[in-house]
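As structure tokens, the structure follows; a few thoughts come after it.
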Amino acid sequence: MDVCKVTALVPMKHHSERVPGKNFRLLAGKPLYRWILDTLLSSCYVSEVIINTDSHLLLENSFLNGHPKVILRKRKPEICGDRVSMNKVIADDLQAYPRDSYLMTHATNPFISLDTLNKAIRSYYSNLVKGLDSLFSVNIHQTRMYDQYLSPVNHSVGELLRTQDLPPLYEENSCLYLFSQDSFMSTQNRIGRKPGIYATPKMESLDIDNQDDWSHAEWAAAWGQMHSGEKVTVHHEVS
């Protein structure tokens, strides 16, 4: 199987509703956005990284402006704001930079490892051979789940199966999306008509959405530094 390179899309807003300034807060001594960016730039399968942003902090960043694999795009006013669909931002990037295949991720997924990233890309190309058109990352749950009416979803209350014997449920975790230009254009969505899934490791699947997530990320990063012998730095304030 030949694995071609992909163009990475990393949209980044300046404003954040629930965790103020989260994309630029220091996580274990490094701005949050640099965690996923450094991983992407380390991958042999990523040809370029497009950052679509309304942030002056990014647009004026000399490292990003001077990097040969980074394309900074100033977000158009009509697709700015907290309620704008991410699919509109993606569509704008695809129109400006048509490519065969794309990988989309977020600054809020700091712990995706290079190994997981590369395996997901290889899985995407394997899926194309099988006739699938896209891939998205998931968390797998084999626990007793209920809907909003407290009706069992994947089990029977009267039959107490072991959790490992329950049918798995898949949660879209927003860590990774892989798709082609054709797939996106046919659905106007990062998930195509015939998608595959890729289960990311639990320790890597954190998506920072609120303050509890941020606190979790701080301690996970500090734990990782402590066990790697690096200096532990935990920041609780917006930098």
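Chain labels follow the order of the structure tokens: the first chain is A, the next B, and so on; residue numbering restarts at 1 in every chain, and ligands are counted from 1 in their shown order.
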
Q | Exercise: Phe63 of chain A partners within 12 Å, only C-alpha atoms, chain neighbours under 4 positions left out, as a ChimeraX atom specification | A | /A:34,37-38,57-59,67-72

For the residues in that selection, give me N, CA and C atoms as a PDB file, in the first residue's frame.
```
ATOM      1  N   ARG A  34       0.989  24.669  20.124  1.00  0.00           N
ATOM      2  CA  ARG A  34       2.257  24.109  19.667  1.00  0.00           C
ATOM      3  C   ARG A  34       2.329  22.598  19.858  1.00  0.00           C
ATOM      4  N   LEU A  37       0.764  21.130  16.711  1.00  0.00           N
ATOM      5  CA  LEU A  37       1.516  21.629  15.565  1.00  0.00           C
ATOM      6  C   LEU A  37       2.872  20.948  15.472  1.00  0.00           C
ATOM      7  N   ASP A  38       3.565  20.815  16.592  1.00  0.00           N
ATOM      8  CA  ASP A  38       4.877  20.161  16.575  1.00  0.00           C
ATOM      9  C   ASP A  38       4.758  18.708  16.133  1.00  0.00           C
ATOM     10  N   LEU A  57      -2.238  37.034  17.296  1.00  0.00           N
ATOM     11  CA  LEU A  57      -1.081  36.393  17.929  1.00  0.00           C
ATOM     12  C   LEU A  57      -0.449  35.356  17.004  1.00  0.00           C
ATOM     13  N   LEU A  58      -1.290  34.677  16.233  1.00  0.00           N
ATOM     14  CA  LEU A  58      -0.773  33.699  15.280  1.00  0.00           C
ATOM     15  C   LEU A  58      -0.304  34.367  13.997  1.00  0.00           C
ATOM     16  N   LEU A  59      -1.100  35.289  13.486  1.00  0.00           N
ATOM     17  CA  LEU A  59      -0.775  35.934  12.215  1.00  0.00           C
ATOM     18  C   LEU A  59       0.527  36.726  12.288  1.00  0.00           C
ATOM     19  N   HIS A  67       8.001  29.480   8.659  1.00  0.00           N
ATOM     20  CA  HIS A  67       8.160  28.024   8.537  1.00  0.00           C
ATOM     21  C   HIS A  67       7.757  27.572   7.138  1.00  0.00           C
ATOM     22  N   PRO A  68       8.600  26.774   6.474  1.00  0.00           N
ATOM     23  CA  PRO A  68       8.311  26.381   5.087  1.00  0.00           C
ATOM     24  C   PRO A  68       7.106  25.461   4.928  1.00  0.00           C
ATOM     25  N   LYS A  69       6.656  24.808   6.009  1.00  0.00           N
ATOM     26  CA  LYS A  69       5.522  23.887   5.896  1.00  0.00           C
ATOM     27  C   LYS A  69       4.231  24.452   6.486  1.00  0.00           C
ATOM     28  N   VAL A  70       4.267  25.711   6.933  1.00  0.00           N
ATOM     29  CA  VAL A  70       3.081  26.308   7.561  1.00  0.00           C
ATOM     30  C   VAL A  70       2.501  27.399   6.661  1.00  0.00           C
ATOM     31  N   ILE A  71       1.196  27.326   6.434  1.00  0.00           N
ATOM     32  CA  ILE A  71       0.477  28.360   5.690  1.00  0.00           C
ATOM     33  C   ILE A  71      -0.508  29.014   6.653  1.00  0.00           C
ATOM     34  N   LEU A  72      -0.306  30.302   6.932  1.00  0.00           N
ATOM     35  CA  LEU A  72      -1.213  31.042   7.798  1.00  0.00           C
ATOM     36  C   LEU A  72      -2.265  31.740   6.944  1.00  0.00           C
TER      37      LEU A  72
END
```

Q: List every residue of segment 31-149 of chain A that DSSP, applied to the backbone, labels as alpha helix (DSSP H), and write the result as an NGL selection string.
A: :A and (32-42 or 56-59 or 62-66 or 86-96 or 114-129)

So that I have them on file, write out the residues from the current selection with C-alpha atoms, as a short mmCIF file (atom, residue, chain, number, x, y, z; two decimals), in the first residue's frame.
```cif
data_model
loop_
_atom_site.label_atom_id
_atom_site.label_comp_id
_atom_site.auth_asym_id
_atom_site.auth_seq_id
_atom_site.Cartn_x
_atom_site.Cartn_y
_atom_site.Cartn_z
CA LEU A 32 -1.37 24.71 23.69
CA TYR A 33 -1.42 25.10 19.90
CA ARG A 34 2.26 24.11 19.67
CA TRP A 35 1.57 20.60 20.99
CA ILE A 36 -0.40 19.38 17.97
CA LEU A 37 1.52 21.63 15.56
CA ASP A 38 4.88 20.16 16.57
CA THR A 39 3.47 16.65 16.12
CA LEU A 40 2.10 17.44 12.67
CA LEU A 41 5.36 19.02 11.53
CA SER A 42 7.24 15.91 12.69
CA HIS A 56 -3.32 38.39 15.57
CA LEU A 57 -1.08 36.39 17.93
CA LEU A 58 -0.77 33.70 15.28
CA LEU A 59 -0.78 35.93 12.22
CA SER A 62 7.51 34.99 13.26
CA PHE A 63 8.08 31.25 13.73
CA LEU A 64 4.88 30.38 11.91
CA ASN A 65 5.33 33.00 9.19
CA GLY A 66 8.81 31.76 8.46
CA MET A 86 -16.53 24.32 11.04
CA ASN A 87 -17.50 22.85 7.68
CA LYS A 88 -17.64 26.40 6.28
CA VAL A 89 -14.08 27.04 7.46
CA ILE A 90 -12.92 23.76 5.90
CA ALA A 91 -14.69 24.58 2.64
CA ASP A 92 -12.88 27.91 2.49
CA ASP A 93 -9.49 26.21 2.95
CA LEU A 94 -10.24 23.58 0.32
CA GLN A 95 -11.27 26.22 -2.18
CA ALA A 96 -8.06 28.18 -1.61
CA LEU A 114 3.22 11.01 16.26
CA ASP A 115 2.78 7.24 16.20
CA THR A 116 -1.02 7.51 16.41
CA LEU A 117 -1.09 10.25 13.79
CA ASN A 118 0.96 8.23 11.32
CA LYS A 119 -1.04 5.05 11.95
CA ALA A 120 -4.30 6.92 11.35
CA ILE A 121 -3.02 8.25 8.03
CA ARG A 122 -1.95 4.78 6.95
CA SER A 123 -5.34 3.42 8.01
CA TYR A 124 -7.07 6.09 5.92
CA TYR A 125 -5.20 5.05 2.79
CA SER A 126 -5.92 1.39 3.52
CA ASN A 127 -9.62 2.29 3.77
CA LEU A 128 -9.53 4.00 0.37
CA VAL A 129 -8.42 0.72 -1.19
#
```

Q | Val46 of chain A environment, 6 Å, only C-alpha atoms, sequence neighbours closer than 5 positions dropped, as a list in words | A | Lys5, Val6 and Thr7 of chain A

Q.
Need to verify the contact set: Phe111 of chain A, 9 Å, only C-alpha atoms, exclusion of same-chain residues closer than 4 positions in sequence. Can you return it as an MDAnalysis selection string?
A. chainID A and resid 35:36 203:207 217 221

Using only N, CA and C atoms, please write the residues we just selected to a file, as a PDB file, in the first residue's frame.
```pdb
ATOM      1  N   TRP A  35       1.521  22.046  20.762  1.00  0.00           N
ATOM      2  CA  TRP A  35       1.573  20.604  20.993  1.00  0.00           C
ATOM      3  C   TRP A  35       1.188  19.843  19.723  1.00  0.00           C
ATOM      4  N   ILE A  36       0.024  20.120  19.173  1.00  0.00           N
ATOM      5  CA  ILE A  36      -0.396  19.385  17.974  1.00  0.00           C
ATOM      6  C   ILE A  36       0.398  19.845  16.760  1.00  0.00           C
ATOM      7  N   MET A 203      -5.476   7.674  26.502  1.00  0.00           N
ATOM      8  CA  MET A 203      -4.636   8.720  27.086  1.00  0.00           C
ATOM      9  C   MET A 203      -4.330   9.839  26.110  1.00  0.00           C
ATOM     10  N   GLU A 204      -4.551   9.597  24.821  1.00  0.00           N
ATOM     11  CA  GLU A 204      -4.262  10.618  23.807  1.00  0.00           C
ATOM     12  C   GLU A 204      -5.510  11.347  23.318  1.00  0.00           C
ATOM     13  N   SER A 205      -6.680  10.917  23.777  1.00  0.00           N
ATOM     14  CA  SER A 205      -7.927  11.343  23.150  1.00  0.00           C
ATOM     15  C   SER A 205      -8.596  12.544  23.815  1.00  0.00           C
ATOM     16  N   LEU A 206      -7.926  13.169  24.751  1.00  0.00           N
ATOM     17  CA  LEU A 206      -8.519  14.326  25.422  1.00  0.00           C
ATOM     18  C   LEU A 206      -8.738  15.472  24.440  1.00  0.00           C
ATOM     19  N   ASP A 207      -9.964  16.006  24.449  1.00  0.00           N
ATOM     20  CA  ASP A 207     -10.292  17.209  23.686  1.00  0.00           C
ATOM     21  C   ASP A 207     -10.637  18.293  24.703  1.00  0.00           C
ATOM     22  N   ALA A 217      -5.734  18.119  31.477  1.00  0.00           N
ATOM     23  CA  ALA A 217      -4.576  18.214  30.577  1.00  0.00           C
ATOM     24  C   ALA A 217      -3.332  18.681  31.322  1.00  0.00           C
ATOM     25  N   ALA A 221      -0.028  16.395  31.452  1.00  0.00           N
ATOM     26  CA  ALA A 221       1.235  16.895  30.902  1.00  0.00           C
ATOM     27  C   ALA A 221       2.315  16.896  31.966  1.00  0.00           C
TER      28      ALA A 221
END
```

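Picture a line from atom CA of Asp100 of chain A to atom CA of Leu132 of chain A; it runs 14.9 Å.
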
Q) Mind pulling up the distance from atom CA of Phe136 of chain A to atom CA of Trp219 of chain A? A) 26.9 Å

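Going from atom CA of Gln164 of chain A to atom CA of Thr200 of chain A covers 18.3 Å.
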
Q) Hey, what's within 8 Å of Asp133 of chain A if we count only C-alpha atoms and toss same-chain stuff fewer than 2 positions away? As an NGL selection string, please? A) :A and (127-128 or 131 or 135 or 179-180 or 183 or 192-196)

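Distances to Met145 of chain A were evaluated for A:Gly29, A:Pro167, A:Pro11, A:Gly158 using only C-alpha atoms, and the minimum falls at A:Pro167.
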
(Q) Env of Gly81 of chain A: 10 Å cut, atoms = only C-alpha atoms, seq-sep filter 5 positions within chain, self excluded. Answer as a ChimeraX atom specification. (A) /A:13-16,54

Go ahead and write the residues just picked, N, CA and C atoms, as an mmCIF file, in the first residue's frame.
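Written out: selection.cif:
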```cif
data_model
loop_
_atom_site.group_PDB
_atom_site.id
_atom_site.type_symbol
_atom_site.label_atom_id
_atom_site.label_comp_id
_atom_site.auth_asym_id
_atom_site.auth_seq_id
_atom_site.Cartn_x
_atom_site.Cartn_y
_atom_site.Cartn_z
ATOM 1 N N LYS A 13 -9.368 29.664 16.515
ATOM 2 C CA LYS A 13 -9.975 30.945 16.861
ATOM 3 C C LYS A 13 -9.140 31.635 17.941
ATOM 4 N N HIS A 14 -9.223 32.954 17.964
ATOM 5 C CA HIS A 14 -8.566 33.690 19.043
ATOM 6 C C HIS A 14 -9.393 33.608 20.320
ATOM 7 N N HIS A 15 -10.715 33.692 20.157
ATOM 8 C CA HIS A 15 -11.624 33.724 21.307
ATOM 9 C C HIS A 15 -12.064 32.313 21.676
ATOM 10 N N SER A 16 -12.208 32.081 22.955
ATOM 11 C CA SER A 16 -12.751 30.816 23.443
ATOM 12 C C SER A 16 -13.764 31.119 24.542
ATOM 13 N N ASP A 54 -8.318 33.808 13.114
ATOM 14 C CA ASP A 54 -8.622 35.235 13.265
ATOM 15 C C ASP A 54 -7.744 35.857 14.356
#
```
